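Engineer: What follows is my_file26.txt; its format and atoms are compact mmCIF, C-alpha atoms and all ligand atoms.
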# COMPACT_ATOMS: atom_id res chain seq x y z
CA MET A 1 -2.95 -41.85 -40.02
CA HIS A 2 -4.94 -44.46 -38.17
CA GLU A 3 -8.30 -42.72 -38.14
CA LEU A 4 -8.24 -42.08 -41.88
CA GLY A 5 -7.87 -45.80 -42.56
CA ILE A 6 -10.80 -46.53 -40.26
CA VAL A 7 -12.90 -43.89 -42.01
CA PHE A 8 -12.23 -45.42 -45.43
CA HIS A 9 -13.43 -48.76 -44.13
CA ILE A 10 -16.58 -47.23 -42.68
CA ILE A 11 -17.29 -45.47 -45.97
CA ARG A 12 -16.72 -48.61 -48.00
CA SER A 13 -19.08 -50.65 -45.79
CA VAL A 14 -21.73 -47.96 -45.72
CA GLU A 15 -21.62 -47.46 -49.49
CA GLU A 16 -22.02 -51.21 -49.93
CA VAL A 17 -25.16 -51.20 -47.77
CA GLY A 18 -26.38 -48.06 -49.52
CA ARG A 19 -25.98 -49.57 -52.98
CA ALA A 20 -27.69 -52.78 -51.91
CA ASN A 21 -30.66 -50.69 -50.78
CA GLN A 22 -30.70 -48.34 -53.78
CA VAL A 23 -29.89 -45.33 -51.68
CA ARG A 24 -28.65 -42.21 -53.37
CA HIS A 25 -27.70 -40.10 -50.38
CA ILE A 26 -27.07 -40.81 -46.72
CA ARG A 27 -27.47 -38.05 -44.17
CA ALA A 28 -25.96 -39.73 -41.10
CA VAL A 29 -24.09 -42.82 -39.97
CA ALA A 30 -24.27 -44.03 -36.36
CA LEU A 31 -21.14 -45.63 -35.00
CA GLU A 32 -20.42 -47.27 -31.65
CA LEU A 33 -16.89 -46.69 -30.55
CA GLY A 34 -15.28 -48.44 -27.59
CA GLU A 35 -13.33 -46.34 -25.12
CA VAL A 36 -10.22 -48.48 -25.68
CA SER A 37 -10.67 -49.09 -29.42
CA GLY A 38 -7.57 -47.02 -30.10
CA VAL A 39 -9.47 -44.45 -32.13
CA VAL A 40 -9.57 -40.77 -31.17
CA GLU A 41 -13.02 -39.41 -31.91
CA GLU A 42 -11.84 -35.91 -32.69
CA TYR A 43 -9.42 -37.17 -35.35
CA LEU A 44 -12.05 -39.56 -36.61
CA GLN A 45 -14.48 -36.67 -37.13
CA ASP A 46 -11.86 -34.63 -39.01
CA CYS A 47 -11.04 -37.55 -41.28
CA TRP A 48 -14.72 -38.24 -41.76
CA LYS A 49 -15.45 -34.69 -42.95
CA TRP A 50 -12.61 -34.85 -45.41
CA ALA A 51 -13.38 -38.29 -46.77
CA ALA A 52 -17.19 -38.11 -46.76
CA ALA A 53 -17.01 -34.98 -48.91
CA ARG A 54 -15.32 -37.12 -51.57
CA SER A 55 -18.14 -39.65 -51.73
CA ALA A 56 -21.27 -38.84 -53.73
CA MET A 57 -23.37 -40.92 -51.37
CA LEU A 58 -21.95 -39.42 -48.19
CA ASP A 59 -21.17 -35.82 -49.06
CA GLY A 60 -22.08 -33.74 -46.00
CA ALA A 61 -23.22 -36.77 -43.99
CA GLN A 62 -22.88 -36.63 -40.23
CA LEU A 63 -20.98 -39.24 -38.23
CA LYS A 64 -22.78 -39.83 -34.94
CA VAL A 65 -20.48 -41.49 -32.47
CA ARG A 66 -21.66 -43.20 -29.30
CA THR A 67 -18.86 -44.08 -26.89
CA ILE A 68 -18.98 -47.46 -25.17
CA PRO A 69 -17.24 -47.39 -21.77
CA ALA A 70 -14.54 -50.02 -21.29
CA ARG A 71 -15.22 -52.66 -18.62
CA THR A 72 -12.96 -55.46 -17.42
CA VAL A 73 -14.05 -58.55 -15.52
CA CYS A 74 -11.87 -60.28 -12.92
CA GLU A 75 -11.73 -64.04 -13.40
CA ALA A 76 -10.66 -64.54 -9.78
CA CYS A 77 -13.39 -62.66 -7.89
CA GLY A 78 -15.93 -61.72 -10.56
CA GLU A 79 -15.59 -57.96 -10.05
CA VAL A 80 -16.44 -55.84 -13.10
CA TYR A 81 -14.51 -52.57 -13.08
CA PRO A 82 -13.71 -49.58 -15.33
CA THR A 83 -10.72 -50.51 -17.50
CA VAL A 84 -9.36 -47.04 -18.11
CA GLN A 85 -9.09 -46.33 -14.39
CA TYR A 86 -7.60 -49.65 -13.18
CA GLY A 87 -6.06 -51.35 -16.20
CA ARG A 88 -5.30 -55.08 -16.06
CA GLN A 89 -5.23 -55.46 -12.30
CA CYS A 90 -8.47 -56.06 -10.39
CA PRO A 91 -8.97 -53.22 -7.84
CA ALA A 92 -10.88 -55.58 -5.50
CA CYS A 93 -8.55 -58.59 -5.20
CA LYS A 94 -5.41 -57.49 -7.11
CA SER A 95 -5.55 -60.47 -9.47
CA GLU A 96 -4.22 -59.95 -13.00
CA GLN A 97 -6.37 -62.75 -14.43
CA THR A 98 -8.76 -60.32 -16.03
CA HIS A 99 -10.27 -59.72 -19.44
CA LEU A 100 -12.03 -56.95 -21.29
CA VAL A 101 -15.80 -57.44 -21.57
CA GLN A 102 -16.59 -54.32 -23.57
CA GLY A 103 -14.84 -51.23 -24.86
CA ASN A 104 -12.91 -52.22 -27.97
CA GLU A 105 -15.84 -52.19 -30.39
CA MET A 106 -16.06 -50.31 -33.66
CA MET A 107 -19.56 -51.06 -34.90
CA ILE A 108 -21.51 -49.37 -37.64
CA GLN A 109 -24.98 -49.38 -36.11
CA GLU A 110 -27.29 -47.71 -38.59
CA ILE A 111 -27.61 -45.38 -41.52
CA GLU A 112 -30.06 -42.52 -41.94
CA VAL A 113 -31.16 -42.20 -45.54
CA ASP A 114 -32.21 -38.92 -47.11
CA PRO A 115 -35.95 -39.39 -47.75
CA GLU A 116 -35.99 -37.95 -51.27
CA SER A 117 -33.09 -40.12 -52.32
CA GLU A 118 -34.74 -43.53 -52.18
CA ALA A 119 -35.97 -45.85 -54.88
CA VAL A 120 -33.45 -44.67 -57.41
CA PRO A 121 -32.18 -47.45 -59.67
CA ALA A 122 -28.71 -48.53 -58.62
CA ALA A 123 -25.59 -48.22 -60.78
CA ASP A 124 -25.33 -44.50 -61.26
CA GLU A 125 -21.86 -44.79 -59.68
CA MET B 1 -43.20 -34.93 -44.39
CA ASP B 2 -39.51 -35.37 -44.04
CA GLU B 3 -39.50 -38.89 -42.68
CA VAL B 4 -36.03 -40.26 -42.24
CA LYS B 5 -35.52 -43.86 -43.18
CA VAL B 6 -33.09 -45.80 -41.03
CA LEU B 7 -31.21 -48.86 -42.24
CA GLN B 8 -29.86 -51.16 -39.55
CA VAL B 9 -26.31 -52.23 -40.29
CA LYS B 10 -24.83 -53.62 -37.04
CA GLN B 11 -21.57 -54.52 -38.69
CA SER B 12 -18.05 -54.24 -37.38
CA VAL B 13 -15.87 -51.72 -39.20
CA PHE B 14 -13.60 -54.67 -40.04
CA ALA B 15 -16.32 -56.97 -41.39
CA ALA B 16 -16.15 -55.87 -45.03
CA ASN B 17 -12.37 -56.19 -45.04
CA ASP B 18 -12.55 -59.64 -43.46
CA ARG B 19 -14.87 -60.77 -46.25
CA GLN B 20 -12.56 -59.40 -48.94
CA ALA B 21 -9.57 -61.06 -47.29
CA ASP B 22 -11.29 -64.46 -47.34
CA GLN B 23 -12.15 -64.00 -51.02
CA LEU B 24 -8.55 -63.09 -51.81
CA ARG B 25 -7.24 -66.14 -49.92
CA ALA B 26 -9.57 -68.38 -51.92
CA GLN B 27 -8.36 -66.86 -55.21
CA LEU B 28 -4.72 -67.26 -54.18
CA LYS B 29 -5.34 -70.88 -53.36
CA LYS B 30 -6.72 -71.49 -56.84
CA LYS B 31 -3.70 -69.84 -58.40
CA GLY B 32 -1.22 -71.57 -56.09
CA ILE B 33 0.22 -68.33 -54.72
CA PHE B 34 1.38 -68.43 -51.10
CA LEU B 35 1.04 -64.93 -49.62
CA LEU B 36 3.08 -64.02 -46.56
CA ASN B 37 2.33 -60.81 -44.67
CA LEU B 38 5.39 -59.42 -42.91
CA MET B 39 4.85 -56.86 -40.16
CA SER B 40 7.01 -54.97 -37.67
CA SER B 41 7.84 -51.54 -36.25
CA PRO B 42 9.74 -49.21 -38.58
CA GLY B 43 13.36 -50.27 -38.96
CA SER B 44 13.29 -53.63 -37.20
CA GLY B 45 14.72 -55.28 -40.29
CA LYS B 46 11.92 -56.33 -42.66
CA THR B 47 13.74 -55.43 -45.86
CA THR B 48 17.07 -56.86 -44.67
CA THR B 49 15.37 -60.11 -43.62
CA LEU B 50 13.56 -60.35 -46.96
CA LYS B 51 16.77 -59.90 -48.93
CA ARG B 52 18.44 -62.67 -46.93
CA THR B 53 15.41 -64.90 -47.25
CA ILE B 54 15.32 -64.53 -51.04
CA GLU B 55 19.06 -65.28 -51.22
CA MET B 56 18.75 -68.33 -49.00
CA LEU B 57 15.79 -69.77 -50.88
CA GLY B 58 18.02 -69.51 -53.96
CA GLY B 59 15.42 -69.78 -56.70
CA GLU B 60 13.44 -72.58 -55.07
CA PHE B 61 10.24 -70.56 -55.48
CA ARG B 62 9.41 -67.75 -57.89
CA ILE B 63 9.16 -64.79 -55.52
CA GLY B 64 7.37 -61.47 -55.78
CA VAL B 65 7.62 -58.76 -53.14
CA MET B 66 5.25 -55.88 -52.47
CA GLU B 67 6.76 -53.04 -50.49
CA ALA B 68 4.35 -50.74 -48.69
CA ASP B 69 6.02 -47.43 -48.29
CA ILE B 70 4.42 -44.11 -47.67
CA ASP B 71 6.40 -42.37 -50.32
CA SER B 72 9.80 -43.70 -51.34
CA ASP B 73 10.76 -46.72 -53.43
CA VAL B 74 13.98 -47.41 -51.51
CA ASP B 75 12.85 -50.82 -50.25
CA ALA B 76 11.50 -52.01 -53.61
CA ARG B 77 14.83 -51.15 -55.21
CA ALA B 78 16.74 -52.96 -52.48
CA ILE B 79 14.69 -56.09 -53.17
CA ALA B 80 14.99 -55.78 -56.95
CA VAL B 81 18.77 -56.14 -56.54
CA THR B 82 18.22 -59.77 -55.45
CA GLY B 83 16.56 -60.53 -58.78
CA ALA B 84 13.11 -61.06 -57.26
CA LYS B 85 10.15 -59.21 -58.71
CA ALA B 86 9.43 -56.18 -56.55
CA ILE B 87 6.90 -53.40 -56.61
CA GLN B 88 6.14 -50.41 -54.49
CA LEU B 89 2.65 -49.99 -53.09
CA HIS B 90 1.79 -46.41 -52.44
CA THR B 91 -0.10 -46.25 -49.21
CA GLY B 92 -0.83 -42.53 -49.38
CA GLY B 93 0.06 -42.01 -45.75
CA MET B 94 -2.06 -44.92 -44.57
CA CYS B 95 -0.88 -46.81 -41.49
CA HIS B 96 -1.77 -50.31 -42.70
CA LEU B 97 -2.64 -52.31 -45.79
CA ASP B 98 -6.02 -53.94 -46.19
CA ALA B 99 -7.26 -56.78 -48.37
CA GLU B 100 -8.29 -54.51 -51.24
CA MET B 101 -4.91 -52.75 -51.40
CA THR B 102 -3.21 -56.15 -51.27
CA ARG B 103 -5.36 -57.44 -54.12
CA GLN B 104 -4.43 -54.41 -56.21
CA GLY B 105 -0.79 -54.93 -55.28
CA LEU B 106 -0.88 -58.53 -56.47
CA GLU B 107 -2.38 -57.32 -59.73
CA GLY B 108 0.42 -54.80 -60.08
CA LEU B 109 2.95 -57.52 -59.36
CA ASP B 110 1.39 -59.49 -62.21
CA ALA B 111 1.51 -62.34 -59.74
CA ASP B 112 0.22 -65.24 -61.80
CA ASP B 113 3.62 -66.85 -62.23
CA VAL B 114 4.66 -66.06 -58.65
CA GLU B 115 4.69 -68.92 -56.15
CA LEU B 116 5.65 -66.98 -53.03
CA ALA B 117 4.31 -63.44 -52.69
CA ILE B 118 5.52 -61.42 -49.74
CA LEU B 119 3.96 -58.24 -48.49
CA GLU B 120 6.16 -55.90 -46.45
CA ASN B 121 3.44 -54.15 -44.49
CA VAL B 122 3.64 -50.59 -43.15
CA GLY B 123 5.99 -50.27 -40.14
CA ASN B 124 3.49 -50.20 -37.27
CA LEU B 125 2.48 -52.67 -34.55
CA VAL B 126 -1.13 -51.56 -34.20
CA CYS B 127 -3.35 -51.36 -37.27
CA PRO B 128 -1.72 -53.93 -39.55
CA ALA B 129 -2.82 -56.46 -36.93
CA GLU B 130 -6.45 -55.34 -37.23
CA PHE B 131 -6.73 -55.61 -40.99
CA ASP B 132 -6.56 -59.07 -42.55
CA THR B 133 -4.66 -58.74 -45.84
CA GLY B 134 -5.75 -62.11 -47.20
CA ALA B 135 -2.33 -63.61 -46.44
CA VAL B 136 -1.97 -67.34 -45.83
CA LYS B 137 0.44 -66.71 -42.94
CA ASN B 138 1.45 -63.70 -40.87
CA ALA B 139 5.01 -63.12 -39.76
CA MET B 140 6.36 -60.35 -37.60
CA ILE B 141 9.79 -59.13 -36.69
CA LEU B 142 10.66 -57.83 -33.26
CA SER B 143 14.19 -56.46 -33.03
CA VAL B 144 16.30 -56.59 -29.88
CA PRO B 145 16.53 -52.79 -29.35
CA GLU B 146 12.72 -52.58 -29.13
CA GLY B 147 12.68 -54.57 -25.88
CA HIS B 148 11.24 -57.91 -24.80
CA ASP B 149 8.04 -56.45 -23.35
CA LYS B 150 6.45 -55.64 -26.74
CA PRO B 151 4.14 -58.70 -26.67
CA LEU B 152 2.56 -57.22 -23.54
CA LYS B 153 2.13 -53.79 -25.09
CA TYR B 154 0.86 -54.90 -28.50
CA PRO B 155 -1.07 -58.08 -27.70
CA LEU B 156 -3.18 -58.10 -30.87
CA MET B 157 -0.14 -58.05 -33.17
CA PHE B 158 1.37 -61.04 -31.40
CA SER B 159 -1.92 -62.90 -31.31
CA VAL B 160 -2.35 -62.76 -35.11
CA CYS B 161 1.20 -63.89 -35.93
CA ASP B 162 2.13 -67.42 -36.90
CA VAL B 163 5.83 -66.74 -36.48
CA VAL B 164 7.82 -64.10 -34.59
CA LEU B 165 11.39 -63.44 -35.73
CA VAL B 166 13.54 -61.85 -33.04
CA ASN B 167 16.03 -59.90 -35.15
CA LYS B 168 19.33 -58.11 -34.48
CA MET B 169 20.53 -60.85 -32.13
CA ASP B 170 24.07 -59.52 -32.76
CA VAL B 171 23.39 -56.41 -30.63
CA MET B 172 22.14 -58.45 -27.67
CA PRO B 173 25.19 -57.56 -25.49
CA TYR B 174 24.24 -53.88 -25.58
CA PHE B 175 20.61 -54.26 -24.52
CA ASP B 176 18.79 -55.79 -21.56
CA PHE B 177 16.69 -57.92 -23.89
CA ASP B 178 15.70 -61.23 -22.26
CA PHE B 179 15.00 -63.74 -25.04
CA ASP B 180 13.37 -66.41 -22.85
CA GLN B 181 11.15 -63.83 -21.22
CA CYS B 182 10.19 -62.54 -24.67
CA ARG B 183 9.27 -66.02 -25.85
CA ALA B 184 7.20 -66.55 -22.70
CA TYR B 185 5.33 -63.27 -23.29
CA VAL B 186 4.66 -64.19 -26.93
CA GLN B 187 3.32 -67.56 -25.87
CA MET B 188 1.10 -65.97 -23.26
CA ARG B 189 -0.60 -64.06 -26.07
CA ASN B 190 -0.41 -66.80 -28.66
CA PRO B 191 0.54 -70.37 -27.67
CA ASN B 192 0.82 -71.41 -31.35
CA ALA B 193 3.35 -68.79 -32.43
CA VAL B 194 6.83 -70.00 -33.32
CA VAL B 195 9.62 -67.73 -32.03
CA ILE B 196 12.92 -67.76 -33.95
CA PRO B 197 16.03 -65.69 -33.10
CA ILE B 198 17.82 -64.34 -36.18
CA CYS B 199 20.46 -61.90 -37.29
CA ALA B 200 19.45 -60.63 -40.69
CA ARG B 201 22.64 -58.58 -41.00
CA THR B 202 24.91 -61.65 -40.98
CA GLY B 203 22.36 -64.35 -41.84
CA GLU B 204 23.06 -66.17 -38.61
CA GLY B 205 20.18 -68.25 -37.27
CA MET B 206 18.15 -67.81 -40.46
CA GLY B 207 18.11 -71.56 -41.20
CA PRO B 208 15.15 -72.45 -38.94
CA TRP B 209 13.17 -69.54 -40.39
CA ILE B 210 13.78 -70.69 -43.98
CA GLU B 211 12.80 -74.21 -42.91
CA TRP B 212 9.62 -72.91 -41.31
CA LEU B 213 8.69 -70.91 -44.42
CA ARG B 214 9.41 -73.78 -46.80
CA SER B 215 7.39 -76.24 -44.71
CA GLN B 216 4.45 -73.82 -44.55
CA ILE B 217 4.44 -73.37 -48.32
CA LEU B 218 4.66 -77.11 -48.97
CA ALA B 219 1.99 -77.94 -46.38
CA TRP B 220 -0.34 -75.34 -47.88
CA ARG B 221 0.19 -76.76 -51.37
CA ALA B 222 -0.34 -80.33 -50.17
CA ASP B 223 -3.55 -79.21 -48.53
CA ASP B 224 -4.56 -77.69 -51.85
CA PHE B 225 -4.03 -80.98 -53.65
CA ALA B 226 -5.96 -82.80 -50.94
CA THR B 227 -8.98 -80.54 -51.46
CA GLU B 228 -8.73 -80.97 -55.23
CA LYS B 229 -8.79 -84.72 -54.83
CA VAL B 230 -11.89 -84.54 -52.67
CA GLU B 231 -13.63 -82.49 -55.34
CA VAL B 232 -12.83 -84.98 -58.13
N1 LIG C 301 22.84 -54.87 -36.09
C1 LIG C 301 21.89 -55.27 -36.91
N2 LIG C 301 21.30 -54.38 -37.72
C2 LIG C 301 20.33 -54.81 -38.56
C3 LIG C 301 19.92 -56.15 -38.60
N3 LIG C 301 18.92 -56.28 -39.51
C4 LIG C 301 18.71 -55.05 -40.02
N4 LIG C 301 19.57 -54.16 -39.46
C5 LIG C 301 19.69 -52.72 -39.74
O1 LIG C 301 18.52 -52.05 -39.31
C6 LIG C 301 18.21 -50.96 -40.18
C7 LIG C 301 16.77 -51.09 -40.68
O2 LIG C 301 16.67 -52.27 -41.46
P1 LIG C 301 15.57 -52.47 -42.59
O3 LIG C 301 15.73 -53.83 -43.11
O4 LIG C 301 15.60 -51.34 -43.54
O5 LIG C 301 14.28 -52.38 -41.69
P2 LIG C 301 12.75 -52.26 -42.16
O6 LIG C 301 11.94 -52.92 -41.12
O7 LIG C 301 12.59 -52.76 -43.56
O8 LIG C 301 12.55 -50.69 -42.13
P3 LIG C 301 11.29 -49.83 -42.69
O9 LIG C 301 10.90 -50.42 -44.03
O10 LIG C 301 11.84 -48.46 -42.81
O11 LIG C 301 10.21 -49.95 -41.67
C8 LIG C 301 19.23 -51.01 -41.28
O12 LIG C 301 20.26 -50.10 -40.99
C9 LIG C 301 19.74 -52.44 -41.23
O13 LIG C 301 21.06 -52.57 -41.71
C10 LIG C 301 20.58 -57.09 -37.72
O14 LIG C 301 20.31 -58.29 -37.70
N5 LIG C 301 21.53 -56.57 -36.92
MG MG C 302 11.73 -51.82 -45.23
ZN ZN C 303 -3.41 -47.15 -37.78
ZN ZN C 304 -10.69 -59.63 -8.51
Using structure tokens, write down the structure from this file.
Structural biologist:
Amino acid sequence: MHELGIVFHIIRSVEEVGRANQVRHIRAVALELGEVSGVVEEYLQDCWKWAAARSAMLDGAQLKVRTIPARTVCEACGEVYPTVQYGRQCPACKSEQTHLVQGNEMMIQEIEVDPESEAVPAADE
Amino acid sequence: MDEVKVLQVKQSVFAANDRQADQLRAQLKKKGIFLLNLMSSPGSGKTTTLKRTIEMLGGEFRIGVMEADIDSDVDARAIAVTGAKAIQLHTGGMCHLDAEMTRQGLEGLDADDVELAILENVGNLVCPAEFDTGAVKNAMILSVPEGHDKPLKYPLMFSVCDVVLVNKMDVMPYFDFDFDQCRAYVQMRNPNAVVIPICARTGEGMGPWIEWLRSQILAWRADDFATEKVEV
């Protein structure tokens, strides 16, 4: 399943950052998800619950997803339009010389650390 | 009070994997192992093409194959028949392999005496393209029954491939597959990709592919020696 693979990568990255900062427990992870990133948020959340529960650092942590709308720019006339609605073809001039400007991102933005879990020596993994 | 501390990360989900893939490539270079990542939809002929390829290389390189299969070991056994080293990677239902799984696979293959390692990725045109495995080159197979418009539908896959093998050329008469159109679509997405028509079932047309693979391996090795010389 696609979303499970993505979740494992998020967890691995977040644990890396957590270890580097001597964090014991994380309470939330903020993720930016593009509208055309190919990931279904509902499935992502299900996979997250399952996988986070198996990580000491992330057990019970919340995944906060912010959706980034997809926008395409037309190279012919400069129009910027919603990708999901119009696809590759510019609704203004009908050109197909267009490219995505935003909407395929999958960015881990920030981590919320449990206050009482800081300043613990690393390596109790 | 309960003051939450926030750590800024601002890192792509793929960033950690990209780093691991670069590390793996550097290690492979030191050991002189050429890793090829082979991708395609399910059933387009990865295993059949690999068997032919191993036969046609005829012992020129010591070959090890890693078969990513969700559950069975059918493909690994098919490869083992050729005499090449083969192992099964258990993906646990995952839709792609990443650099870490590939590294573990190479360990399992006991790859140190292998010169050409080939990874048969999970049959899927989406995620394998997003996750760098650490391979030196990426190859993909598109088979005739899948249609010539696939480069338009899966642009990322075609943009990460160094070579596209169009397989099952023998069934061309039964499909409306337009080879020239397909090549044009591939080149729209990736002007550097080499497109080679093959028939893995009969071995027809496999010569240019074997040539391509051999020249890539030799060029990569020569490059290796060049860097060594600079360091001396
Ligand atoms: N007609 C024809 N059939 C082929 C050719 N190459 C492979 N096949 C057949 O296609 C089917 C799938 O081939 P495989 O080599 O198992 O494909 P695969 O990509 O490894 O499949 P998975 O590992 O299941 O994703 C088999 O029945 C092959 O015999 C070809 O060139 N022509
Ligand atoms: Mg196979
Ligand atoms: Zn996937
Ligand atoms: Zn326009």
Engineer: List as a list in words the protein and nucleic acid residues lying within 9 Å of ligand ZN 304 (chain C), with only C-alpha atoms and all ligand atoms counted.
Structural biologist: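 These are the residues that qualify: Val73, Cys74, Glu75, Ala76, Cys77, Gly78, Glu79, Val80, Gln89, Cys90, Pro91, Ala92, Cys93, Lys94, Ser95, Glu96, Gln97 and Thr98 of chain A.
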Engineer: Given only C-alpha atoms and all ligand atoms, how would the per-residue table for chain B near ligand ZN 303 (chain C) read, listing every residue at most 7 Å away with its closest atom pair and distance in Å to one decimal, sorted by chain and number, as JSON lines?
Structural biologist:
{"residue": "B:Cys95", "atom": "CA", "partner": "C:ZN303", "partner_atom": "ZN", "distance": 4.5}
{"residue": "B:His96", "atom": "CA", "partner": "C:ZN303", "partner_atom": "ZN", "distance": 6.1}
{"residue": "B:Val126", "atom": "CA", "partner": "C:ZN303", "partner_atom": "ZN", "distance": 6.1}
{"residue": "B:Cys127", "atom": "CA", "partner": "C:ZN303", "partner_atom": "ZN", "distance": 4.2}
Engineer: What's the 8 Å shell around stretch 6-14 of chain A, counting only C-alpha atoms, without same-chain residues fewer than 3 positions away, as a list in words?
Structural biologist: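 Neighbouring residues, sequence-local ones excluded: His2, Glu3, Val17, Gly18, Leu44, Cys47, Trp48, Ala51, Ala52, Leu58, Ile108 and Ile111 of chain A; Val13, Phe14, Ala16 and Asn17 of chain B.
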Engineer: Grab the atom CA of B:Gln20 to atom CA of B:Val136 distance for me, in Å with one decimal place.
Structural biologist: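 Computed distance, atom CA of B:Gln20 to atom CA of B:Val136, equals 13.6 Å.
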Engineer: Looking at all atoms listed in the file, which of B:Ala99, B:Cys199, B:Ala76, B:Leu218 is the one that sits closest to chain A?
Structural biologist: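 Closest to chain A, using all atoms listed in the file: B:Ala99.
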Engineer: I want to know what sits within 9 Å of B:Asp18, based on only C-alpha atoms, with residues of the same chain fewer than 4 positions away left out; could you give that as a list in words?
Structural biologist: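 Final neighbour list, sorted by chain and number: Phe14, Asp22, Gln23, Ala99, Phe131, Asp132, Thr133 and Gly134 of chain B.
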Engineer: Give me the residues within 6 Å of stretch 179-194 of chain B as an MDAnalysis selection string, counting all atoms listed in the file and dropping any in the same chain fewer than 4 places off.
Structural biologist: chainID B and resid 148 151 159 162:163
Engineer: Hey, which residues come within 10 Å of ligand LIG 301 (chain C) if we count all atoms listed in the file? Could you give them as a ChimeraX atom specification?
Structural biologist: /B:38-52,67-70,72,74-76,78,120-124,140-145,166-172,197-205
Engineer: If the cut-off is 6 Å, can you tell me the residues of chain B near chain A, counting only C-alpha atoms? I'd like them as a count of residues only.
Structural biologist: 12
Engineer: Atom CA of B:Lys137 and atom CA of B:Val81 are how many Å apart?
Structural biologist: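 Separation between atom CA of B:Lys137 and atom CA of B:Val81: 25.2 Å.
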Engineer: How far is it from atom CA of B:Asp178 to atom CA of B:Pro208, in Å with one decimal?
Structural biologist: 20.1 Å
Engineer: Would you pick out the contacts of B:Gly108 at 10 Å or less, using only C-alpha atoms, so that residues sharing its chain but fewer than 2 positions from it are not included, and give the list as a ChimeraX atom specification?
Structural biologist: /B:66,86-89,102-106,110-111
Engineer: Can you write just those residues out, C-alpha atoms, as a compact mmCIF listing (two decimals), in the frame of the given file?
Structural biologist:
# COMPACT_ATOMS: atom_id res chain seq x y z
CA MET B 66 5.25 -55.88 -52.47
CA ALA B 86 9.43 -56.18 -56.55
CA ILE B 87 6.90 -53.40 -56.61
CA GLN B 88 6.14 -50.41 -54.49
CA LEU B 89 2.65 -49.99 -53.09
CA THR B 102 -3.21 -56.15 -51.27
CA ARG B 103 -5.36 -57.44 -54.12
CA GLN B 104 -4.43 -54.41 -56.21
CA GLY B 105 -0.79 -54.93 -55.28
CA LEU B 106 -0.88 -58.53 -56.47
CA ASP B 110 1.39 -59.49 -62.21
CA ALA B 111 1.51 -62.34 -59.74
Engineer: Smallest atom-to-atom distance to B:Leu119: which of B:Leu97, B:Gly83, B:Asn37, B:Met206, using only C-alpha atoms?
Structural biologist: B:Asn37
Engineer: For stretch 4-12 of chain A, what centre and edge lengths in Å (one decimal) does the axis-aligned box get once 6 Å is added on each side of all its listed atoms, as JSON?
Structural biologist:
{"center_x": -12.6, "center_y": -45.4, "center_z": -44.1, "size_x": 21.4, "size_y": 18.7, "size_z": 19.7}
Engineer: When distances are computed from only C-alpha atoms and all ligand atoms, which of B:Asp176, B:Asp223, B:Asp73, B:Asp98 shows the smallest separation from ligand MG 302 (chain C)?
Structural biologist: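 Smallest separation from ligand MG 302 (chain C) among the options: B:Asp73.
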Engineer: For ligand MG 302 (chain C), which residue among B:Val65, B:Leu116, B:Ala135, B:Ile54 is the nearest when counting only C-alpha atoms and all ligand atoms?
Structural biologist: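 Looking at the shortest contact to ligand MG 302 (chain C), the residue is B:Val65.
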Engineer: With all atoms listed in the file as the basis for distance, which of A:Val39, A:Val84, A:Met57, A:Ile68 is at the shortest distance from A:Gln102?
Structural biologist: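 Among the listed residues, the smallest separation from A:Gln102 belongs to A:Ile68.
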